[in-house]
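J.: Could you have a look at this structure, given as C-alpha cells, before my questions?
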Amino acid sequence: MSAEVILQANNITKCFGRDASEVRAVDDVSLKIRRGEMVLIMGPSGSGKTTLLSILGALLSPTAGSVIVCGTDISAMKESELAALRAQKVGFVFQAFNLFEALTVKENILFPASLTAQGIKGATARLDALLDKLGLNERQNALPSTLSGGEKQRVAIARAMINQPPIILADEPTGNLDSHKGQEVMMILHDIARDDDCAVLMVTHDPRVEEIADRVLWLEDGSLRDRKSELHSWVLDPVCGMRVDEWTATVYTEFENRKVVFCSTRCLERFNEEPEFYGDRIDPK
Amino acid sequence: MLYWSLKTLLSEPIRLIASAMAVAVSFVLVIFFSAVFEGESNQMVVYLEKMDADVWVMQKGVSNMHMASSMVWDWKADRIAQIKGVKAVSAILYLNGPVNIGGKDWFSYIIGVSPEYSHAGPWSVIQGKSLPDTGEVVIPDVISRLTGVQIGENVILIDRPLRVVGLSRGTFSMASSVVFVSREDLGDLLEAGDQYSYIMVYADPDVTAQYLIERIEDEVDKVNALSNGEFIESDRQLALQMGAEIISMMTILGTIMATLIVAFTAYSVIARKKQELAIARALGFGNGQIYMAVLYQSVAITLLGLLLAMGCAFTLLAWLPSVIPQIILTVGFNQFIPLVVVSLPVAIMASLAAAYTVTRLDPMIVFSGQ
Ligand SMILES: Nc1ncnc2c1ncn2[C@@H]1O[C@H](COP(=O)(O)OP(=O)(O)OP(=O)(O)O)[C@@H](O)[C@H]1O
Ligand SMILES: [Mg+2]
C-alpha cells in the first residue's frame, strides 16, 4: 500500500481548560491516512474522537503538534486560509445531518460550491451525478424537513462531496439512523473511498463497519491504543438482532436491573415503545 | 450565502413579519411623538401663515406674536397704506390669554377683527358666520366638539360673555387656539379702542419686502417691521422653546427604546440561526461571508420595519385626527431620516455582535446534535 498520504497528524495534543480543570482531550496522537482508505476511529464516549476529527478537519487548532493536509502544514495558517482549505479539501458529514432548513435538497448540496472558482454553475454536472448516485433525483426540490433520516444523510454526503474534496470526515454519520439506513450510509461512504479515491475517516460506534473498513484506530483517553479483537464483548441488539459491542455502545438503557445496549437510538426508541415485548429478546449473555 | 440569508428569512414569513412589526411599532412610537411635535409647532404659527402678509408691523421692541403684546396707533395703518409700493394693509388687535369655553380655560390667540379688515378673520368657517360683531365670538370647531358648546351659546372672555356665532376650522392647537372677537370688544377690554396690535402689509407685485420695511421704518415712528418669513420663524422658535421640551424628551426616549428593540430583534434573529452559521463556517465559509450574510438579514428586517412604520404612520395621520381631534399630526419623510440614521447602524452593530459570537463559537458545536 503506497498510495499518497493525504492527511497526516504529528504528535497532536489538545487541552481544554487550564490548570486543575485541564482536560487532555487528545494526547500525542500521530496518524497517516492515504487516498482510497476508509479508516474508523472508535473508542469509548469522551475519549476525544470528535476533538481529533475537528483538528484534522482544520476546525480546531491543536495545543501542540502539527496537521499536514495534502502535503501542506496547516498549523501556521490564518483563519481565512483554513476556511478555504475546508472548502476545497475536506467534506464533513455529521451525526445531526446539519442541513440548511430553508434550502432545498439541491440548494443544500450546491451550497459549498459557491466557494470554488467555478462556482455553482460549474458544479451542476457533479450535482446531477451525485443526485443520481445517491438516489436523490426525485427529492431534489424538497425541503429537509420533509426528508427521512436516511435521505437527509445522503444529502449531507452529497454536500460534502460537491467540491470533490480528497478527505471526508464523518462523525457518527449513522448515529441518528436505524440499522438498515445506517448500513446504507456506510456503504455509500465505503464506495466513495474506493471509487473517488478519497480518504474517508469516520468516527463510529457501529462494530459492523469494522468489516468493511481498511483500518480501525482505537482511541482511549485521548491516545491511540492497539485493541485486540478479543476485547469486544458482543451482545445482540434485542430489537434488530444486530451484533453490538457492549463496552463501546453509547445507546443503552436500564431494564429489569440489566444494562441493555442497542445499535442506534431508533432501536432504543422502539424498545421503549414495547419494553415487555422486546424484553424477552434480550441477549442472556 | 446571501441567497441563504434571503431564503432563511422568507422561510419563516410569520417570524419575519413579527420581527419587522416589533421594529415598526417602536418606529411608529417615535414618529408619533415627532408628528405631534411637528404638528403642534406648525399649528402655533398657523394664523401668521394664513394671513400671508409680506411685512408685519408692530410696536417698537416687539418681534413676536406668541406671548407678546403690541400696541400701535390706528392711524399708523392708514399712514402705511399710503406708502408707495403698498398694495393693501390689514390690521388686528390682539391678546394672548385664556378664553373660558364650556367651563374650561383655553389658552388662545384672541384676534380682534374690525369690519374694514375682514381679511384678518377666520379663513375657513364650517358653521355660522365668519366675522363677529360686538358681543360675538368665532371659536374653533374642535373646541366646540370637545366641550359641546354650540352656536348661540356663551363663552367668557375675561369678564365679558360673548355669544358663539361661528365655528372655524384649522384654528385649534393644544397649546394655543385662535379665537376671533370684534375689535370693539377687545379694544374695550384692553382700553385700546384707538389702537391696533399688528398691521399686515401687502406689497405691490414688483416691490420687495425689504424695500417696504425700510420705507415703513423711515416714515412711521416707533414701529418694528419684519418680513413674513422672519416673523413666522421667530414665533416658531419661541413656541418651540415653550412647549416642546417635554415632547422632544419623549421623542428622545422613544428613539432610545426603538433602538433597543431594533438591536434586540436583529440580535435574536441572528442568534436563532447560530447553528446554521456555524455549519457554514465548517463548510469553508469565511468570517467575512458570515458577517455579510448576517448584515443582509438585519438590514432587510430593519428596512421592512421602517416600511411598515411608514405605512402605519401615514394611516395614523389620516385616521387619528378624526378620533382624537385635539391632536394635530404632521408626518413627513424628513422624520424618517433620523430614524434610519440611528436605527440602521444600531441594527448592523447588533447583528455584527451576534455574528461575532458565531465566529467565536466552539467549532465543535457542529458535531453536537443540538
Ligand atoms: N470545548 C470543550 N471544553 C472543555 N472540554 C471539552 C470541550 N470539548 C470537549 N471537551 C472534553 O474533551 C473530551 C473529549 O471529548 P470528545 O467530544 O472529543 O469525545 P468523543 O470521543 O467524541 O465522545 P462521544 O463518543 O461521546 O462523542 C471530553 O472529556 C470532553 O468533555
Ligand atoms: Mg463525539
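If you're wondering about the labels, chains in the C-alpha cells are A, B, ... by order shown, residues count from 1 in each chain, ligands from 1 in order shown.
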So that I can check the secondary structure, give me every residue of stretch 105-152 of chain B assigned helix (DSSP H, G or I) by backbone DSSP, as a list in words.
T.: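 Here are the helix (DSSP H, G or I) residues of stretch 105-152 of chain B: Pro115, Glu116, Tyr117, Ser118, His119, Ala120, Asp141, Val142, Ile143, Ser144, Arg145, Leu146 and Thr147 of chain B.
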J.: Could you list, as an NGL selection string, every residue of chain B that has an atom within 10 Å of an atom of chain A, counting only C-alpha atoms?
T.: :B and (1 or 3-12 or 273 or 275-288 or 362-364 or 366-370)
J.: Would you pick out the contacts of B:Ala258 at 12 Å or less, using only C-alpha atoms, so that residues sharing its chain but fewer than 5 positions from it are not included, and give the list as an MDAnalysis selection string?
T.: chainID B and resid 21:31 250:253 263:265 302 305:306 309 338:340 342:344 346:347
J.: So which residues touch B:Pro132 within 10 Å, counting only C-alpha atoms, skipping near sequence neighbours fewer than 3 positions away, as a list in words?
T.: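 In the requested format, the answer is Gly112, Val113, Ser114, Pro115, Ser118, Gly121, Lys129, Gly135, Glu136, Val137, Val138, Leu162, Arg163, Val164, Val165, Gly166, Phe180, Val181, Ser182, Arg183 and Asp185 of chain B.
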J.: Pick out the closest residue to ligand 2 from this set: A:Val251, A:Val23, A:Gly43, A:Ala123. Count only C-alpha atoms and all ligand atoms.
T.: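 Nearest to ligand 2: A:Gly43.
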